[in-house]
Amino acid sequence: MCQMGVIPVLTVKPWRALFDEKFHVVVGNLPPTQEVTLHSLHQSEDTDYWEAFGHYVSDAQGRVTVFKDPSVGGTYEGVEPMGLMWSMRPIPGSRPELRLRKKEVHTPMVVHISVYRGHMSQGFREQVALASVVTERWYMSPGVRRMDITEGGVTGTLFLPPGPGPFPGVLDMWGGSGGLVEYRAALLASHGFAAMALLYVFPDQNKNATIGYPYFEAAFRLLQDHPLVAADRIALLGLSLGVTVVLSITSYSEAVKPRCCVCISGSHACRIGATQSVEETSQGIHKKYAKARTDEENRIIWRDVLLPIPEDIDLKVEMGRITCPLLLVVGQDDQNWPAVESADDMKQMMERTGNSHLLTTLSYPGAGHLIEPPYGPHCRACTFVLQPGQQRVVMLFGGLNKPHAVAQEDSWEKILGFLQEHLCHSVKPHVQSRL
């Protein structure tokens with residue numbers, strides 16, 4: 001038990017930070033060898049509660065220092081400075097197959113960190129914490145400006161870093177689940193990039209039938225023409241179906257000439273033709289739906305839909321047409337897209353055409369499909385709408401918690417370094433913005 005009259009002290013520094021910034025959690029004023037549980041709790045914008053917890057034993061000085069002391073149990077084990085973030089999961093009794101995503105990036109993700117006596121795994125609400133701290137995790141650092149984009153038929157959100165510019169630009173495209181996803185672009189702006197999150201999969205299939213090269217070219221030109229963007233220093237960033245867009249327009253568009261490209265968990269094995277729409281490409285993929293499998297929990301394994309990787313060059317992006325540096329990020333347990341097989345084939349194609357020197361591949365054992373900025377909880381499976389208007393299914397994305405967390409932290413650091421190297425004229429990456 002804690003000594004009478006001695007109040008445990010919990011500190012989290014910095015208590016306000018960027019989402020991709022580590023914090024340091026320390027508990028002091030404990031008796032030596034005291035068993036305690038550190039617990040994190042967050043209520044999402046969808047009103048679901050998420051939690052993580054680690055079991056610790058205080059040292060001879062009555063302290064627990066999370067960045068050097070191991071958790072001996074809980075939702076994570078070992079020395080894990082950010083385990084209270086990346087191992088979060090919905091609390092018992094929550095709705096099934098949830099995914100934690102921030103929609104309102106101008107507000108922080110609020111996380112309550114508490115310390116409890118003993119090694120607990122449930123019933124946190126019924127217990128009184130020894131100490132608690134409220135922390136804030138931000139995607140937008142102070143001074144970052146958010147602008148709604150609706151010009152020229154293009155729909156997106158532009159985030160500009162503080163300062164006079166001009167800034168290197170990033171056109172950011174997510175996957176087939178659609179919607180306007182802003183948090184990665186906001187975080188990129190917090191690191192000095194003018195980043196535009198682009199909406200290109202709309203709820204209306206008729207609208208999607210109009211989205212093709214002219215739309216992506218207009219978005220690229222809009223970013224290029226902005227007075228605070230360096231027109232000759234723009235990158236394309238895509239995840240999942242966004243990779244198909246990035247590789248297609250980089251290879252075949254005369255108007256889109258990025259300085260470099262980052263492709264996360266995608267494939268070249270379905271390309272968007274110069275006169276095709278996103279809807280036509282999606283329909284071509286969905287026609288192969290019979291090749292999808294389900295696991296023992298009836299979750300859909302989509303990766304087989306694009307396998308085997310075709311040998312016919314007309315059925316995939318001609319990787320020999322890539323003329324800028326390309327970074328591929330691959331999760332080796334991706335159950336949604338054949339990212340591993342696609343990366344292997346892309347490398348072989350580029351070796352044959354003599355441009356493989358432009359290719360860098362990051363491949364992570366045990367990582368799944370949704371490789372995002374670090375310290376967010378891993379989503380192994382969640383509900384998904386295959387096509388607008390259809391019923392929801394449960395899609396298996398793959399990955400294991402710890403290896404996936406490692407992949408997110410390592411790949412994000414290397415993505416930022418890659419963008420700095422190729423967009424900032426060899427300027428060394430700057431220190432993370434602190435809030």
# chains A, B, ... in the order shown; residues from 1 in each chain; ligands from 1
call {"tool": "residues_around", "arguments": {"residues": "Ser342 in chain A", "least_positions_apart": "6", "cutoff": "12 Å", "atoms": "only C-alpha atoms", "output": "PyMOL selection string"}}
result
chain A and resi 240+243-244+263-270+303-304+306-311+316-317+319+328-332+334+348-349+361+363
call {"tool": "write_last_selection", "arguments": {"atoms": "N, CA, C and O atoms", "output": "short mmCIF file (atom, residue, chain, number, x, y, z; two decimals), in the first residue's frame"}}
result
data_model
loop_
_atom_site.label_atom_id
_atom_site.label_comp_id
_atom_site.auth_asym_id
_atom_site.auth_seq_id
_atom_site.Cartn_x
_atom_site.Cartn_y
_atom_site.Cartn_z
N SER A 240 -3.29 2.48 -50.15
CA SER A 240 -4.27 1.55 -50.68
C SER A 240 -4.69 1.95 -52.10
O SER A 240 -3.84 2.03 -52.99
N VAL A 243 -2.65 4.50 -53.85
CA VAL A 243 -1.41 4.10 -54.53
C VAL A 243 -1.68 3.90 -56.02
O VAL A 243 -0.87 4.28 -56.88
N THR A 244 -2.82 3.29 -56.33
CA THR A 244 -3.20 3.12 -57.74
C THR A 244 -3.28 4.47 -58.44
O THR A 244 -2.80 4.62 -59.58
N CYS A 263 4.18 5.53 -51.56
CA CYS A 263 3.07 4.62 -51.77
C CYS A 263 3.01 3.62 -50.61
O CYS A 263 3.95 2.84 -50.41
N ILE A 264 1.90 3.62 -49.88
CA ILE A 264 1.75 2.79 -48.69
C ILE A 264 0.67 1.72 -48.95
O ILE A 264 -0.47 2.05 -49.28
N SER A 265 1.07 0.46 -48.84
CA SER A 265 0.11 -0.65 -48.85
C SER A 265 -0.77 -0.67 -50.10
O SER A 265 -1.99 -0.74 -50.02
N GLY A 266 -0.14 -0.61 -51.25
CA GLY A 266 -0.91 -0.59 -52.49
C GLY A 266 -0.33 -1.51 -53.55
O GLY A 266 0.52 -2.35 -53.27
N SER A 267 -0.81 -1.31 -54.77
CA SER A 267 -0.41 -2.18 -55.87
C SER A 267 -0.43 -1.42 -57.19
O SER A 267 -1.15 -0.44 -57.36
N HIS A 268 0.37 -1.91 -58.11
CA HIS A 268 0.39 -1.41 -59.48
C HIS A 268 -0.46 -2.30 -60.38
O HIS A 268 -0.55 -2.07 -61.59
N ALA A 269 -1.06 -3.35 -59.80
CA ALA A 269 -1.72 -4.38 -60.61
C ALA A 269 -3.13 -3.99 -61.05
O ALA A 269 -3.85 -4.79 -61.63
N CYS A 270 -3.56 -2.78 -60.71
CA CYS A 270 -4.79 -2.23 -61.28
C CYS A 270 -4.48 -0.78 -61.58
O CYS A 270 -4.12 -0.04 -60.67
N ARG A 303 -7.11 -9.51 -50.43
CA ARG A 303 -5.84 -9.46 -51.16
C ARG A 303 -5.82 -10.38 -52.39
O ARG A 303 -5.18 -10.06 -53.40
N ASP A 304 -6.54 -11.50 -52.34
CA ASP A 304 -6.51 -12.45 -53.45
C ASP A 304 -7.18 -11.92 -54.70
O ASP A 304 -6.98 -12.45 -55.80
N LEU A 306 -6.58 -9.36 -56.35
CA LEU A 306 -5.59 -8.85 -57.33
C LEU A 306 -4.47 -9.85 -57.61
O LEU A 306 -3.49 -9.50 -58.27
N LEU A 307 -4.63 -11.07 -57.13
CA LEU A 307 -3.60 -12.09 -57.38
C LEU A 307 -4.11 -13.11 -58.39
O LEU A 307 -5.30 -13.37 -58.48
N PRO A 308 -3.19 -13.74 -59.15
CA PRO A 308 -1.75 -13.43 -59.19
C PRO A 308 -1.50 -12.09 -59.89
O PRO A 308 -2.35 -11.63 -60.67
N ILE A 309 -0.37 -11.49 -59.60
CA ILE A 309 0.01 -10.26 -60.29
C ILE A 309 0.14 -10.57 -61.78
O ILE A 309 0.87 -11.49 -62.16
N PRO A 310 -0.56 -9.86 -62.64
CA PRO A 310 -0.54 -10.21 -64.07
C PRO A 310 0.85 -9.99 -64.69
O PRO A 310 1.59 -9.09 -64.29
N GLU A 311 1.16 -10.82 -65.65
CA GLU A 311 2.41 -10.64 -66.41
C GLU A 311 2.21 -9.67 -67.57
O GLU A 311 3.15 -9.00 -68.00
N LYS A 316 -1.29 -3.63 -65.87
CA LYS A 316 -0.71 -3.01 -64.67
C LYS A 316 0.04 -1.75 -65.07
O LYS A 316 0.27 -1.49 -66.26
N VAL A 317 0.42 -0.97 -64.09
CA VAL A 317 1.18 0.26 -64.37
C VAL A 317 2.56 -0.11 -64.88
O VAL A 317 3.24 -0.98 -64.33
N MET A 319 5.98 0.34 -64.71
CA MET A 319 6.85 0.97 -63.72
C MET A 319 8.10 1.59 -64.36
O MET A 319 8.75 2.45 -63.76
N LEU A 328 8.18 2.79 -51.35
CA LEU A 328 7.10 1.84 -51.09
C LEU A 328 7.14 1.44 -49.63
O LEU A 328 8.21 1.13 -49.09
N VAL A 329 5.98 1.42 -48.98
CA VAL A 329 5.86 0.96 -47.60
C VAL A 329 4.94 -0.26 -47.60
O VAL A 329 3.79 -0.18 -48.07
N VAL A 330 5.45 -1.37 -47.09
CA VAL A 330 4.78 -2.67 -47.23
C VAL A 330 4.63 -3.33 -45.86
O VAL A 330 5.61 -3.45 -45.12
N GLY A 331 3.41 -3.78 -45.55
CA GLY A 331 3.18 -4.62 -44.37
C GLY A 331 3.14 -6.07 -44.82
O GLY A 331 2.34 -6.44 -45.68
N GLN A 332 3.99 -6.89 -44.25
CA GLN A 332 4.10 -8.27 -44.72
C GLN A 332 2.90 -9.14 -44.34
O GLN A 332 2.74 -10.24 -44.85
N ASP A 334 -0.25 -7.86 -44.69
CA ASP A 334 -1.36 -7.14 -45.32
C ASP A 334 -2.36 -8.16 -45.88
O ASP A 334 -2.01 -8.94 -46.77
N GLN A 348 11.11 -5.84 -59.83
CA GLN A 348 11.58 -6.58 -61.01
C GLN A 348 11.35 -5.78 -62.28
O GLN A 348 12.23 -5.73 -63.16
N MET A 349 10.19 -5.15 -62.39
CA MET A 349 9.90 -4.34 -63.58
C MET A 349 10.89 -3.19 -63.71
O MET A 349 11.39 -2.90 -64.81
N THR A 361 12.25 0.49 -50.82
CA THR A 361 11.16 -0.30 -50.25
C THR A 361 11.39 -0.51 -48.77
O THR A 361 12.47 -0.94 -48.36
N SER A 363 9.82 -2.74 -45.81
CA SER A 363 8.96 -3.90 -45.64
C SER A 363 9.00 -4.36 -44.19
O SER A 363 10.08 -4.56 -43.63
#
call {"tool": "residues_around", "arguments": {"residues": "range 367-374 of chain A", "least_positions_apart": "5", "cutoff": "7 Å", "atoms": "only C-alpha atoms", "output": "count of residues only"}}
result
19
call {"tool": "closest_residue", "arguments": {"among": "A:Glu45, A:Glu413, A:Glu351, A:Glu97", "to": "Val393 in chain A", "atoms": "only C-alpha atoms"}}
result
A:Glu97
call {"tool": "atom_distance", "arguments": {"atom1": "CA of Gly83 in chain A", "atom2": "CA of Met395 in chain A"}}
result
25.2 Å
call {"tool": "residues_around", "arguments": {"residues": "Thr281 in chain A", "least_positions_apart": "2", "cutoff": "12 Å", "atoms": "only C-alpha atoms", "output": "PDB file with N, CA and C atoms, in the first residue's frame"}}
result
ATOM      1  N   GLY A 176      -9.977   3.379 -50.663  1.00  0.00           N
ATOM      2  CA  GLY A 176     -11.275   3.183 -51.268  1.00  0.00           C
ATOM      3  C   GLY A 176     -12.459   3.368 -50.343  1.00  0.00           C
ATOM      4  N   VAL A 201     -13.032   9.711 -53.726  1.00  0.00           N
ATOM      5  CA  VAL A 201     -14.069   8.674 -53.701  1.00  0.00           C
ATOM      6  C   VAL A 201     -15.260   9.262 -52.940  1.00  0.00           C
ATOM      7  N   ASN A 208     -18.449   9.588 -58.841  1.00  0.00           N
ATOM      8  CA  ASN A 208     -17.182   8.874 -59.019  1.00  0.00           C
ATOM      9  C   ASN A 208     -16.909   8.526 -60.477  1.00  0.00           C
ATOM     10  N   ALA A 209     -17.977   8.385 -61.244  1.00  0.00           N
ATOM     11  CA  ALA A 209     -17.818   8.078 -62.679  1.00  0.00           C
ATOM     12  C   ALA A 209     -17.222   9.255 -63.434  1.00  0.00           C
ATOM     13  N   THR A 210     -17.197  10.445 -62.793  1.00  0.00           N
ATOM     14  CA  THR A 210     -16.615  11.625 -63.448  1.00  0.00           C
ATOM     15  C   THR A 210     -15.189  11.911 -62.959  1.00  0.00           C
ATOM     16  N   ILE A 211     -14.698  11.128 -62.008  1.00  0.00           N
ATOM     17  CA  ILE A 211     -13.388  11.396 -61.409  1.00  0.00           C
ATOM     18  C   ILE A 211     -12.315  10.597 -62.134  1.00  0.00           C
ATOM     19  N   GLY A 212     -11.494  11.307 -62.891  1.00  0.00           N
ATOM     20  CA  GLY A 212     -10.408  10.664 -63.628  1.00  0.00           C
ATOM     21  C   GLY A 212      -9.202  11.582 -63.686  1.00  0.00           C
ATOM     22  N   LEU A 241      -5.969   2.237 -52.334  1.00  0.00           N
ATOM     23  CA  LEU A 241      -6.387   2.670 -53.671  1.00  0.00           C
ATOM     24  C   LEU A 241      -5.685   3.960 -54.078  1.00  0.00           C
ATOM     25  N   THR A 244      -2.824   3.292 -56.334  1.00  0.00           N
ATOM     26  CA  THR A 244      -3.203   3.117 -57.743  1.00  0.00           C
ATOM     27  C   THR A 244      -3.277   4.468 -58.444  1.00  0.00           C
ATOM     28  N   VAL A 245      -3.854   5.438 -57.774  1.00  0.00           N
ATOM     29  CA  VAL A 245      -3.940   6.791 -58.342  1.00  0.00           C
ATOM     30  C   VAL A 245      -2.551   7.382 -58.534  1.00  0.00           C
ATOM     31  N   SER A 248      -0.541   5.612 -61.312  1.00  0.00           N
ATOM     32  CA  SER A 248      -1.134   5.805 -62.644  1.00  0.00           C
ATOM     33  C   SER A 248      -0.865   7.205 -63.181  1.00  0.00           C
ATOM     34  N   ALA A 269      -1.062  -3.351 -59.803  1.00  0.00           N
ATOM     35  CA  ALA A 269      -1.724  -4.375 -60.608  1.00  0.00           C
ATOM     36  C   ALA A 269      -3.129  -3.990 -61.046  1.00  0.00           C
ATOM     37  N   CYS A 270      -3.558  -2.783 -60.710  1.00  0.00           N
ATOM     38  CA  CYS A 270      -4.787  -2.234 -61.285  1.00  0.00           C
ATOM     39  C   CYS A 270      -4.484  -0.780 -61.579  1.00  0.00           C
ATOM     40  N   ARG A 271      -4.556  -0.404 -62.805  1.00  0.00           N
ATOM     41  CA  ARG A 271      -4.199   0.975 -63.144  1.00  0.00           C
ATOM     42  C   ARG A 271      -5.416   1.725 -63.653  1.00  0.00           C
ATOM     43  N   ILE A 272      -5.352   3.020 -63.503  1.00  0.00           N
ATOM     44  CA  ILE A 272      -6.401   3.894 -64.045  1.00  0.00           C
ATOM     45  C   ILE A 272      -5.915   4.386 -65.399  1.00  0.00           C
ATOM     46  N   GLY A 273      -6.628   4.055 -66.443  1.00  0.00           N
ATOM     47  CA  GLY A 273      -6.248   4.493 -67.777  1.00  0.00           C
ATOM     48  C   GLY A 273      -6.519   5.977 -67.963  1.00  0.00           C
ATOM     49  N   ALA A 274      -5.909   6.531 -68.987  1.00  0.00           N
ATOM     50  CA  ALA A 274      -5.989   7.976 -69.212  1.00  0.00           C
ATOM     51  C   ALA A 274      -7.419   8.466 -69.408  1.00  0.00           C
ATOM     52  N   THR A 275      -8.298   7.596 -69.910  1.00  0.00           N
ATOM     53  CA  THR A 275      -9.691   8.003 -70.140  1.00  0.00           C
ATOM     54  C   THR A 275     -10.649   7.321 -69.164  1.00  0.00           C
ATOM     55  N   GLN A 276     -10.101   6.599 -68.202  1.00  0.00           N
ATOM     56  CA  GLN A 276     -10.932   5.880 -67.242  1.00  0.00           C
ATOM     57  C   GLN A 276     -11.273   6.742 -66.036  1.00  0.00           C
ATOM     58  N   SER A 277     -12.332   6.369 -65.358  1.00  0.00           N
ATOM     59  CA  SER A 277     -12.688   7.003 -64.094  1.00  0.00           C
ATOM     60  C   SER A 277     -12.302   6.087 -62.937  1.00  0.00           C
ATOM     61  N   VAL A 278     -12.265   6.666 -61.747  1.00  0.00           N
ATOM     62  CA  VAL A 278     -12.033   5.862 -60.548  1.00  0.00           C
ATOM     63  C   VAL A 278     -13.121   4.797 -60.416  1.00  0.00           C
ATOM     64  N   GLU A 279     -14.338   5.149 -60.770  1.00  0.00           N
ATOM     65  CA  GLU A 279     -15.459   4.210 -60.667  1.00  0.00           C
ATOM     66  C   GLU A 279     -15.250   3.010 -61.590  1.00  0.00           C
ATOM     67  N   GLN A 283     -14.881  -0.781 -60.313  1.00  0.00           N
ATOM     68  CA  GLN A 283     -15.776  -1.832 -60.810  1.00  0.00           C
ATOM     69  C   GLN A 283     -14.971  -3.001 -61.381  1.00  0.00           C
ATOM     70  N   GLY A 284     -13.852  -2.683 -62.042  1.00  0.00           N
ATOM     71  CA  GLY A 284     -12.997  -3.747 -62.562  1.00  0.00           C
ATOM     72  C   GLY A 284     -12.443  -4.627 -61.459  1.00  0.00           C
ATOM     73  N   ILE A 285     -12.115  -4.015 -60.326  1.00  0.00           N
ATOM     74  CA  ILE A 285     -11.625  -4.785 -59.178  1.00  0.00           C
ATOM     75  C   ILE A 285     -12.764  -5.606 -58.572  1.00  0.00           C
ATOM     76  N   HIS A 286     -13.947  -4.978 -58.418  1.00  0.00           N
ATOM     77  CA  HIS A 286     -15.068  -5.659 -57.764  1.00  0.00           C
ATOM     78  C   HIS A 286     -15.603  -6.817 -58.593  1.00  0.00           C
ATOM     79  N   LYS A 287     -15.359  -6.816 -59.886  1.00  0.00           N
ATOM     80  CA  LYS A 287     -15.786  -7.952 -60.718  1.00  0.00           C
ATOM     81  C   LYS A 287     -15.071  -9.239 -60.332  1.00  0.00           C
ATOM     82  N   LYS A 288     -13.919  -9.066 -59.657  1.00  0.00           N
ATOM     83  CA  LYS A 288     -13.147 -10.242 -59.231  1.00  0.00           C
ATOM     84  C   LYS A 288     -13.448 -10.626 -57.782  1.00  0.00           C
ATOM     85  N   LEU A 315      -2.035  -4.737 -68.182  1.00  0.00           N
ATOM     86  CA  LEU A 315      -2.954  -4.906 -67.062  1.00  0.00           C
ATOM     87  C   LEU A 315      -2.410  -4.306 -65.761  1.00  0.00           C
ATOM     88  N   LYS A 316      -1.288  -3.625 -65.872  1.00  0.00           N
ATOM     89  CA  LYS A 316      -0.709  -3.010 -64.673  1.00  0.00           C
ATOM     90  C   LYS A 316       0.043  -1.749 -65.074  1.00  0.00           C
TER      91      LYS A 316
END
call {"tool": "closest_residue", "arguments": {"among": "A:Tyr252, A:Phe19, A:Tyr56, A:Phe124", "to": "Tyr375 in chain A", "atoms": "only C-alpha atoms"}}
result
A:Phe19
call {"tool": "select_by_dssp", "arguments": {"residues": "range 316-406 of chain A", "states": "strand (DSSP E or B)", "output": "VMD selection string"}}
result
chain A and resid 326 to 331 359 to 364 381 to 385 392 to 396
call {"tool": "residues_around", "arguments": {"residues": "His42 in chain A", "least_positions_apart": "2", "cutoff": "12 Å", "atoms": "only C-alpha atoms", "output": "ChimeraX atom specification"}}
result
/A:39-40,44-52,84-85,88-91,100-102,108-114,134-137,376-377
call {"tool": "closest_residue", "arguments": {"among": "A:Gly320, A:Gly54, A:Gly242, A:Gly78", "to": "Gly175 in chain A", "atoms": "only C-alpha atoms"}}
result
A:Gly242
call {"tool": "closest_residue", "arguments": {"among": "A:Cys424, A:Leu38, A:Glu318, A:Lys13", "to": "Asp345 in chain A", "atoms": "only C-alpha atoms"}}
result
A:Glu318
call {"tool": "atom_distance", "arguments": {"atom1": "CA of Cys324 in chain A", "atom2": "CA of Ser251 in chain A"}}
result
9.9 Å
call {"tool": "closest_residue", "arguments": {"among": "A:Pro365, A:Leu327, A:Val170, A:Val133", "to": "Lys347 in chain A", "atoms": "only C-alpha atoms"}}
result
A:Leu327
call {"tool": "atom_distance", "arguments": {"atom1": "CA of Val394 in chain A", "atom2": "CA of Leu199 in chain A"}}
result
23.1 Å
call {"tool": "select_by_dssp", "arguments": {"residues": "range 62-172 of chain A", "states": "alpha helix (DSSP H)", "output": "PyMOL selection string"}}
result
chain A and resi 83-86
call {"tool": "closest_residue", "arguments": {"among": "A:Val25, A:Met140, A:Leu423, A:Val72", "to": "Phe167 in chain A", "atoms": "only C-alpha atoms"}}
result
A:Leu423
